[in-house]
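Novice: Input structure: my_file.cif, which contains mmCIF, C-alpha atoms.
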```cif
data_start
loop_
_atom_site.group_PDB
_atom_site.id
_atom_site.type_symbol
_atom_site.label_atom_id
_atom_site.label_comp_id
_atom_site.auth_asym_id
_atom_site.auth_seq_id
_atom_site.Cartn_x
_atom_site.Cartn_y
_atom_site.Cartn_z
ATOM 1 C CA MET A 6 0.000 0.000 0.000
ATOM 2 C CA SER A 7 1.465 3.341 -1.035
ATOM 3 C CA HIS A 8 -0.264 5.483 1.642
ATOM 4 C CA GLU A 9 -0.358 8.423 -0.754
ATOM 5 C CA SER A 10 -3.745 9.274 0.710
ATOM 6 C CA ILE A 11 -1.976 10.185 3.973
ATOM 7 C CA SER A 12 0.186 12.710 2.146
ATOM 8 C CA ALA A 13 -2.852 14.127 0.357
ATOM 9 C CA PHE A 14 -4.710 14.336 3.673
ATOM 10 C CA ILE A 15 -2.010 16.326 5.483
ATOM 11 C CA ASP A 16 -1.643 18.557 2.411
ATOM 12 C CA ASN A 17 -5.342 19.426 2.456
ATOM 13 C CA GLU A 18 -5.695 17.963 -1.020
ATOM 14 C CA PRO A 19 -8.543 15.748 -2.235
ATOM 15 C CA PHE A 20 -8.127 12.144 -1.081
ATOM 16 C CA ASP A 21 -10.001 8.875 -1.263
ATOM 17 C CA PRO A 22 -11.645 8.414 2.186
ATOM 18 C CA ARG A 23 -11.675 4.637 1.851
ATOM 19 C CA ALA A 24 -7.955 4.553 1.060
ATOM 20 C CA LEU A 25 -7.218 6.802 4.041
ATOM 21 C CA ALA A 26 -9.320 4.666 6.346
ATOM 22 C CA ASP A 27 -7.496 1.559 5.166
ATOM 23 C CA ALA A 28 -4.132 3.239 5.589
ATOM 24 C CA LEU A 29 -4.906 4.389 9.115
ATOM 25 C CA ALA A 30 -6.256 0.966 10.038
ATOM 26 C CA THR A 31 -2.675 -0.299 10.147
ATOM 27 C CA SER A 32 -0.042 0.669 12.707
ATOM 28 C CA ASP A 33 2.360 1.385 9.836
ATOM 29 C CA GLY A 34 -0.060 3.920 8.427
ATOM 30 C CA ARG A 35 -0.562 5.609 11.782
ATOM 31 C CA GLU A 36 3.178 5.760 12.398
ATOM 32 C CA LEU A 37 3.645 7.235 8.948
ATOM 33 C CA LEU A 38 1.059 9.936 9.615
ATOM 34 C CA ILE A 39 2.832 11.015 12.805
ATOM 35 C CA ASP A 40 6.261 10.833 11.165
ATOM 36 C CA LEU A 41 5.138 13.009 8.269
ATOM 37 C CA ILE A 42 3.795 15.646 10.651
ATOM 38 C CA ALA A 43 7.072 15.502 12.608
ATOM 39 C CA LEU A 44 8.975 15.765 9.312
ATOM 40 C CA ARG A 45 7.033 18.913 8.517
ATOM 41 C CA HIS A 46 8.195 20.395 11.856
ATOM 42 C CA VAL A 47 11.794 19.369 11.183
ATOM 43 C CA VAL A 48 11.825 20.917 7.709
ATOM 44 C CA ALA A 49 10.043 24.058 8.891
ATOM 45 C CA ALA A 50 12.516 24.648 11.735
ATOM 46 C CA ASP A 51 15.242 26.686 10.105
ATOM 47 C CA PRO A 52 16.755 29.739 11.805
ATOM 48 C CA ALA A 53 17.957 31.125 8.484
ATOM 49 C CA VAL A 54 14.608 30.885 6.786
ATOM 50 C CA GLU A 55 13.072 34.218 7.719
ATOM 51 C CA LEU A 56 13.737 37.066 5.357
ATOM 52 C CA PRO A 57 14.739 40.201 7.324
ATOM 53 C CA ALA A 58 11.897 42.718 7.493
ATOM 54 C CA SER A 59 14.158 45.413 6.116
ATOM 55 C CA HIS A 60 14.978 43.288 3.089
ATOM 56 C CA ARG A 61 13.251 45.153 0.300
ATOM 57 C CA PRO A 62 13.330 44.020 -3.266
ATOM 58 C CA ALA A 63 16.708 45.591 -3.744
ATOM 59 C CA ALA A 64 18.406 46.659 -6.892
ATOM 60 C CA PRO A 65 20.104 43.826 -8.725
ATOM 61 C CA ARG A 66 23.818 43.304 -8.227
ATOM 62 C CA TRP A 67 24.752 44.735 -11.596
ATOM 63 C CA ARG A 68 23.055 47.983 -10.614
ATOM 64 C CA GLY A 69 25.485 48.343 -7.694
ATOM 65 C CA LEU A 70 28.369 47.955 -10.110
ATOM 66 C CA ALA A 71 26.826 50.535 -12.425
ATOM 67 C CA ILE A 72 26.486 52.988 -9.518
ATOM 68 C CA ALA A 73 30.112 52.399 -8.501
ATOM 69 C CA ALA A 74 31.236 52.959 -12.098
ATOM 70 C CA THR A 75 29.196 56.176 -12.290
ATOM 71 C CA ILE A 76 30.741 57.473 -9.045
ATOM 72 C CA ALA A 77 34.228 56.655 -10.329
ATOM 73 C CA GLY A 78 33.464 58.412 -13.622
ATOM 74 C CA LEU A 79 32.162 61.486 -11.831
ATOM 75 C CA ALA A 80 35.228 61.541 -9.593
ATOM 76 C CA LEU A 81 37.564 61.332 -12.586
ATOM 77 C CA GLY A 82 35.608 63.944 -14.531
ATOM 78 C CA GLY A 83 35.422 66.213 -11.511
ATOM 79 C CA GLY A 84 39.142 65.864 -10.903
ATOM 80 C CA TYR A 85 39.896 66.689 -14.514
ATOM 81 C CA PHE A 86 37.542 69.680 -14.460
ATOM 82 C CA ALA A 87 38.957 71.002 -11.165
ATOM 83 C CA GLY A 88 42.510 70.588 -12.429
ATOM 84 C CA HIS A 89 41.631 72.342 -15.650
ATOM 85 C CA ARG A 90 40.137 75.276 -13.743
ATOM 86 C CA VAL A 91 43.181 75.584 -11.474
ATOM 87 C CA GLY A 92 45.431 75.511 -14.520
ATOM 88 C CA GLU A 93 43.453 78.315 -16.153
ATOM 89 C CA LYS A 94 43.540 80.363 -12.976
ATOM 90 C CA THR A 95 47.299 79.913 -12.682
ATOM 91 C CA ALA A 96 47.764 80.968 -16.284
ATOM 92 C CA VAL A 97 45.730 84.156 -15.716
ATOM 93 C CA GLU A 98 47.659 84.974 -12.553
ATOM 94 C CA SER A 99 50.937 84.610 -14.469
ATOM 95 C CA ILE A 100 49.829 87.371 -16.810
ATOM 96 C CA ASP A 101 48.596 89.778 -14.132
ATOM 97 C CA ALA A 102 51.412 89.427 -11.639
ATOM 98 C CA PRO A 103 55.084 88.520 -11.758
ATOM 99 C CA PRO A 104 56.093 85.199 -10.388
ATOM 100 C CA ALA A 105 57.185 85.083 -6.775
ATOM 101 C CA PRO A 106 60.991 85.240 -6.338
ATOM 102 C CA THR A 107 62.759 82.047 -5.621
ATOM 103 C CA ARG A 108 66.153 83.611 -4.824
ATOM 104 C CA VAL A 109 67.127 87.096 -3.625
ATOM 105 C CA ILE A 110 70.453 88.690 -4.629
ATOM 106 C CA GLU A 111 71.372 91.801 -2.738
ATOM 107 C CA LEU A 112 73.417 94.383 -4.658
ATOM 108 C CA THR A 113 75.722 96.476 -2.515
ATOM 109 C CA PRO A 114 76.498 99.909 -4.069
ATOM 110 C CA GLY A 115 80.143 100.297 -5.025
ATOM 111 C CA VAL A 116 80.882 96.634 -5.116
ATOM 112 C CA ASN A 117 81.492 95.119 -8.492
ATOM 113 C CA TRP A 118 79.421 91.964 -8.393
ATOM 114 C CA THR A 119 80.143 90.879 -11.933
ATOM 115 C CA PRO A 120 82.731 88.175 -12.404
ATOM 116 C CA THR A 121 86.121 89.657 -13.260
ATOM 117 C CA GLN A 122 88.717 88.084 -15.406
ATOM 118 C CA THR A 123 91.906 87.533 -13.535
ATOM 119 C CA GLN A 124 95.250 87.679 -15.221
ATOM 120 C CA GLY A 125 96.395 84.503 -16.874
ATOM 121 C CA GLU A 126 92.879 83.475 -17.321
ATOM 122 C CA ARG A 127 91.626 83.503 -20.875
ATOM 123 C CA MET B 13 -2.060 42.671 -15.769
ATOM 124 C CA ALA B 14 -0.846 42.382 -12.158
ATOM 125 C CA ASP B 15 1.675 44.814 -10.764
ATOM 126 C CA ALA B 16 4.986 42.978 -10.740
ATOM 127 C CA GLU B 17 6.353 44.520 -7.549
ATOM 128 C CA ALA B 18 3.098 43.969 -5.641
ATOM 129 C CA LEU B 19 3.081 40.370 -6.800
ATOM 130 C CA PHE B 20 6.659 39.914 -5.729
ATOM 131 C CA VAL B 21 6.144 41.534 -2.317
ATOM 132 C CA GLU B 22 3.160 39.284 -1.687
ATOM 133 C CA HIS B 23 5.105 36.112 -2.422
ATOM 134 C CA ARG B 24 8.699 36.995 -1.616
ATOM 135 C CA SER B 25 8.709 35.264 1.800
ATOM 136 C CA ARG B 26 7.501 32.027 0.265
ATOM 137 C CA LEU B 27 9.942 32.358 -2.581
ATOM 138 C CA TYR B 28 12.779 32.991 -0.162
ATOM 139 C CA ARG B 29 11.834 30.010 2.026
ATOM 140 C CA TYR B 30 11.652 27.785 -1.003
ATOM 141 C CA LEU B 31 14.977 29.027 -2.374
ATOM 142 C CA CYS B 32 16.624 28.767 1.040
ATOM 143 C CA ARG B 33 15.889 25.056 1.097
ATOM 144 C CA ALA B 34 16.429 24.545 -2.614
ATOM 145 C CA VAL B 35 19.974 25.959 -2.597
ATOM 146 C CA GLY B 36 20.765 25.361 1.102
ATOM 147 C CA HIS B 37 22.310 28.789 1.653
ATOM 148 C CA ALA B 38 20.514 31.833 3.044
ATOM 149 C CA GLU B 39 22.640 34.497 1.335
ATOM 150 C CA THR B 40 22.368 32.804 -2.034
ATOM 151 C CA ALA B 41 18.631 32.467 -1.501
ATOM 152 C CA ARG B 42 18.388 36.219 -0.868
ATOM 153 C CA ASP B 43 20.246 36.941 -4.100
ATOM 154 C CA LEU B 44 18.088 34.530 -6.062
ATOM 155 C CA THR B 45 14.925 36.014 -4.541
ATOM 156 C CA GLN B 46 16.050 39.381 -5.877
ATOM 157 C CA ASP B 47 16.802 37.784 -9.225
ATOM 158 C CA VAL B 48 13.217 36.513 -9.333
ATOM 159 C CA PHE B 49 12.121 40.108 -8.803
ATOM 160 C CA VAL B 50 14.359 41.285 -11.650
ATOM 161 C CA ARG B 51 12.959 38.633 -13.975
ATOM 162 C CA VAL B 52 9.411 39.546 -12.997
ATOM 163 C CA THR B 53 9.987 43.222 -13.741
ATOM 164 C CA ARG B 54 11.456 42.394 -17.157
ATOM 165 C CA THR B 55 8.713 40.021 -18.216
ATOM 166 C CA PRO B 56 5.068 40.805 -18.908
ATOM 167 C CA VAL B 57 3.092 39.309 -16.032
ATOM 168 C CA PRO B 58 0.557 36.869 -17.469
ATOM 169 C CA ALA B 59 -2.996 38.050 -16.889
ATOM 170 C CA THR B 60 -4.404 35.011 -15.169
ATOM 171 C CA ASN B 61 -5.663 33.776 -11.807
ATOM 172 C CA ASP B 62 -3.728 33.831 -8.523
ATOM 173 C CA GLY B 63 -2.890 30.145 -8.589
ATOM 174 C CA GLU B 64 -1.318 30.343 -12.025
ATOM 175 C CA LEU B 65 0.563 33.497 -11.042
ATOM 176 C CA ARG B 66 2.042 31.645 -8.056
ATOM 177 C CA ALA B 67 2.969 28.775 -10.348
ATOM 178 C CA TRP B 68 4.580 31.228 -12.772
ATOM 179 C CA LEU B 69 6.619 32.869 -10.000
ATOM 180 C CA PHE B 70 7.810 29.539 -8.659
ATOM 181 C CA SER B 71 8.714 28.271 -12.101
ATOM 182 C CA ILE B 72 11.028 31.315 -12.373
ATOM 183 C CA ALA B 73 12.466 30.600 -8.921
ATOM 184 C CA ARG B 74 12.919 26.932 -9.790
ATOM 185 C CA ASN B 75 14.796 27.751 -12.979
ATOM 186 C CA LEU B 76 17.083 30.128 -11.084
ATOM 187 C CA ALA B 77 17.766 27.464 -8.472
ATOM 188 C CA LEU B 78 18.545 24.929 -11.211
ATOM 189 C CA ASP B 79 20.910 27.426 -12.877
ATOM 190 C CA HIS B 80 22.590 27.945 -9.519
ATOM 191 C CA HIS B 81 23.055 24.188 -9.075
ATOM 192 C CA ARG B 82 24.565 23.917 -12.544
ATOM 193 C CA ARG B 83 27.042 26.702 -11.767
ATOM 194 C CA GLN B 84 27.880 25.028 -8.472
ATOM 195 C CA GLN B 85 28.619 21.774 -10.238
ATOM 196 C CA ARG B 86 31.025 23.556 -12.564
ATOM 197 C CA ALA B 87 32.760 25.523 -9.795
ATOM 198 C CA PRO B 88 31.871 24.057 -6.414
ATOM 199 C CA GLU B 89 32.453 26.300 -3.431
ATOM 200 C CA HIS B 90 34.417 24.820 -0.583
ATOM 201 C CA ALA B 91 32.936 26.208 2.588
ATOM 202 C CA ALA B 92 35.269 26.292 5.531
ATOM 203 C CA PRO B 93 34.171 24.021 8.350
ATOM 204 C CA GLU B 94 32.787 25.975 11.248
ATOM 205 C CA SER B 95 31.370 25.222 14.663
ATOM 206 C CA ARG B 96 27.609 24.848 14.686
ATOM 207 C CA SER B 97 24.853 24.667 17.241
ATOM 208 C CA ALA B 98 22.593 21.627 17.532
ATOM 209 C CA SER B 99 19.782 23.399 15.666
ATOM 210 C CA GLN B 100 22.206 24.340 12.900
ATOM 211 C CA ASP B 101 23.284 20.695 12.733
ATOM 212 C CA VAL B 102 19.676 19.762 12.043
ATOM 213 C CA VAL B 103 19.497 22.431 9.345
ATOM 214 C CA VAL B 104 22.586 20.990 7.679
ATOM 215 C CA GLU B 105 21.202 17.471 8.002
ATOM 216 C CA VAL B 106 17.925 18.537 6.408
ATOM 217 C CA ASN B 107 19.756 20.304 3.594
ATOM 218 C CA GLN B 108 21.863 17.222 2.934
ATOM 219 C CA ALA B 109 18.792 14.996 2.907
ATOM 220 C CA LEU B 110 17.062 17.363 0.489
ATOM 221 C CA ALA B 111 20.132 17.461 -1.728
ATOM 222 C CA ALA B 112 20.069 13.665 -1.942
ATOM 223 C CA LEU B 113 16.562 13.703 -3.421
ATOM 224 C CA PRO B 114 16.027 13.616 -7.190
ATOM 225 C CA ALA B 115 15.832 17.258 -8.314
ATOM 226 C CA VAL B 116 12.192 17.152 -9.389
ATOM 227 C CA ASP B 117 11.098 15.359 -6.214
ATOM 228 C CA ARG B 118 12.943 17.946 -4.129
ATOM 229 C CA ASP B 119 11.294 20.821 -5.977
ATOM 230 C CA VAL B 120 7.763 19.507 -5.711
ATOM 231 C CA PHE B 121 8.275 18.639 -2.052
ATOM 232 C CA LEU B 122 9.629 22.106 -1.211
ATOM 233 C CA MET B 123 6.968 23.912 -3.191
ATOM 234 C CA ARG B 124 4.376 22.045 -1.172
ATOM 235 C CA GLU B 125 6.061 21.832 2.216
ATOM 236 C CA VAL B 126 7.842 25.156 2.438
ATOM 237 C CA ALA B 127 6.009 27.418 0.004
ATOM 238 C CA GLY B 128 2.537 25.963 0.489
ATOM 239 C CA LEU B 129 1.576 25.625 -3.170
ATOM 240 C CA SER B 130 -1.285 23.333 -4.142
ATOM 241 C CA TYR B 131 -0.701 20.213 -6.190
ATOM 242 C CA ASP B 132 -2.236 21.935 -9.216
ATOM 243 C CA GLU B 133 0.056 24.955 -8.852
ATOM 244 C CA ILE B 134 3.104 22.735 -8.458
ATOM 245 C CA ALA B 135 2.065 20.739 -11.507
ATOM 246 C CA SER B 136 1.884 23.955 -13.511
ATOM 247 C CA ALA B 137 5.229 25.260 -12.186
ATOM 248 C CA CYS B 138 7.056 21.993 -12.884
ATOM 249 C CA SER B 139 5.241 20.918 -16.057
ATOM 250 C CA LEU B 140 3.870 17.767 -14.435
ATOM 251 C CA THR B 141 0.425 16.289 -13.944
ATOM 252 C CA PRO B 142 -1.218 16.686 -10.513
ATOM 253 C CA ASP B 143 -1.098 12.895 -10.092
ATOM 254 C CA ALA B 144 2.634 12.906 -10.770
ATOM 255 C CA VAL B 145 3.036 15.674 -8.194
ATOM 256 C CA ARG B 146 1.084 13.633 -5.646
ATOM 257 C CA SER B 147 3.287 10.588 -6.219
ATOM 258 C CA ARG B 148 6.536 12.530 -6.176
ATOM 259 C CA ILE B 149 5.687 14.386 -2.981
ATOM 260 C CA HIS B 150 4.843 11.156 -1.227
ATOM 261 C CA ARG B 151 7.986 9.467 -2.528
ATOM 262 C CA ALA B 152 10.106 12.410 -1.350
ATOM 263 C CA ARG B 153 8.515 12.207 2.083
ATOM 264 C CA LEU B 154 9.262 8.497 2.382
ATOM 265 C CA GLN B 155 12.905 9.084 1.444
ATOM 266 C CA LEU B 156 13.224 11.990 3.877
ATOM 267 C CA ARG B 157 11.548 9.969 6.590
ATOM 268 C CA ALA B 158 14.295 7.375 6.210
ATOM 269 C CA SER B 159 17.202 9.815 5.980
ATOM 270 C CA LEU B 160 15.991 12.107 8.782
ATOM 271 C CA SER B 161 14.904 9.403 11.202
ATOM 272 C CA ALA B 162 16.902 10.849 14.110
ATOM 273 C CA PRO B 163 15.513 14.417 14.016
ATOM 274 C CA ILE B 164 12.033 13.034 13.337
ATOM 275 C CA ALA B 165 12.289 10.787 16.389
ATOM 276 C CA ALA B 166 13.524 13.727 18.463
ATOM 277 C CA ARG B 167 10.626 15.853 17.265
ATOM 278 C CA ARG B 168 8.151 13.065 18.033
ATOM 279 C CA ALA B 169 9.295 13.132 21.646
ATOM 280 C CA MET B 170 7.700 16.578 21.907
ATOM 281 C CA PRO B 171 4.036 17.520 21.511
ATOM 282 C CA LEU B 172 3.117 17.904 17.852
ATOM 283 C CA ARG B 173 0.502 19.948 16.156
ATOM 284 C CA GLN B 174 -0.658 19.902 12.611
ATOM 285 C CA ILE B 175 1.058 22.616 10.575
ATOM 286 C CA HIS B 176 -1.102 23.927 7.786
ATOM 287 C CA THR B 177 1.075 25.038 4.926
ATOM 288 C CA SER B 178 -1.906 26.701 3.354
ATOM 289 C CA HIS B 179 -2.005 27.362 -0.331
ATOM 290 C CA GLU B 180 -4.994 29.682 -0.032
#
```
Would you mind writing the file's structure down as structure tokens?
Specialist:
Amino acid sequence: MSHESISAFIDNEPFDPRALADALATSDGRELLIDLIALRHVVAADPAVELPASHRPAAPRWRGLAIAATIAGLALGGGYFAGHRVGEKTAVESIDAPPAPTRVIELTPGVNWTPTQTQGER
Amino acid sequence: MADAEALFVEHRSRLYRYLCRAVGHAETARDLTQDVFVRVTRTPVPATNDGELRAWLFSIARNLALDHHRRQQRAPEHAAPESRSASQDVVVEVNQALAALPAVDRDVFLMREVAGLSYDEIASACSLTPDAVRSRIHRARLQLRASLSAPIAARRAMPLRQIHTSHE
């Protein structure tokens, strides 16, 4: 006897009452009924089964990559644009004002600061 | 035509529970649940009754789970052994027992037992007849009864109540 009627019964599906009565008339059938209900408890008991409440239907994984690529593109573009602007500003400043001195040479009046040619030197 | 997101939100817990057991890994199940959502948003939702919509959703989930299994067979992941609690041991034991089932038997069993689909809905999702679904579910139960005898015996030592995995 296949006892399929027991499975149909616990699944709330249509079943043949005569077949179920016959199945439950045997100790094997009764044991099977209890085992299948216990099996349902065993399969249902899973700590990892509940989806977190905050878990919304999120964007697919490729969308995260697309967002990261967009941010990287904006950062590169922004860096280029900022650098370009600074370069322009520096160029304008170089026209309006002389460059800052990098070395100061003091000239003392009366002192010949130019190199002189000593005798014997050609 | 049903709203795809509303349809998904209504069934996402069932889909996730089914996928959790089908692939045996919670994080993968979350990803695949999202993939179901992506597929649903890209495909015209068939204008039909609720039962056939459920079957349609689960056929998408089933195909994604099968694709995942195929990828796993090509490049199996080697999970590092880790310490587990007794309840986690049972989870692993259940997952191993499910993995030992023929793929179709496992799917029909999970769609019934975890997702609560009717035999007709499962038949539609898996391209089977309702009678074939009935036989496969019962066969899967008998195999699981044998392979999970220890946790079943432990559970029988406690008071039981009928769990209705309603498909209404």
Novice: Run the PyMOL selection byres ((chain B) within 8 of (chain A)) against the file shown and list the residues it catches, as a PyMOL selection string.
Specialist: chain B and resi 21+25+28-29+32+38+42+46-47+49-50+99-100+102-103+106+124-126+130-131+146-147+149-150+153+156-157+160+163-165+167-168+172-177
Novice: List the neighbours of His23 in chain B out to 12 Å using all atoms listed in the file; skip same-chain residues closer than 2 positions along the sequence, and give me the result as number ranges by chain.
Specialist: A: 56, 62; B: 16-21, 25-30, 45-46, 48-49, 52, 62-63, 65-70, 73, 127-129, 179
Novice: So what do you get for CA of Ala144 in chain B versus CA of Leu113 in chain B, distance-wise?
Specialist: 15.8 Å
Novice: Rounded to one decimal place, report the CA of Arg51 in chain B-CA of Leu110 in chain B distance in Å.
Specialist: 26.0 Å
Novice: So what do you get for CA of Val120 in chain B versus CA of Leu154 in chain B, distance-wise?
Specialist: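 Rounded to one decimal, the two atoms are 13.7 Å apart.
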Novice: I need the residue nearest Val116 in chain B from this list: B:Asn61, B:Ser159, B:Thr55, B:Asn75. Use all atoms listed in the file for the distance.
Specialist: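 Nearest to Val116 in chain B: B:Asn75.
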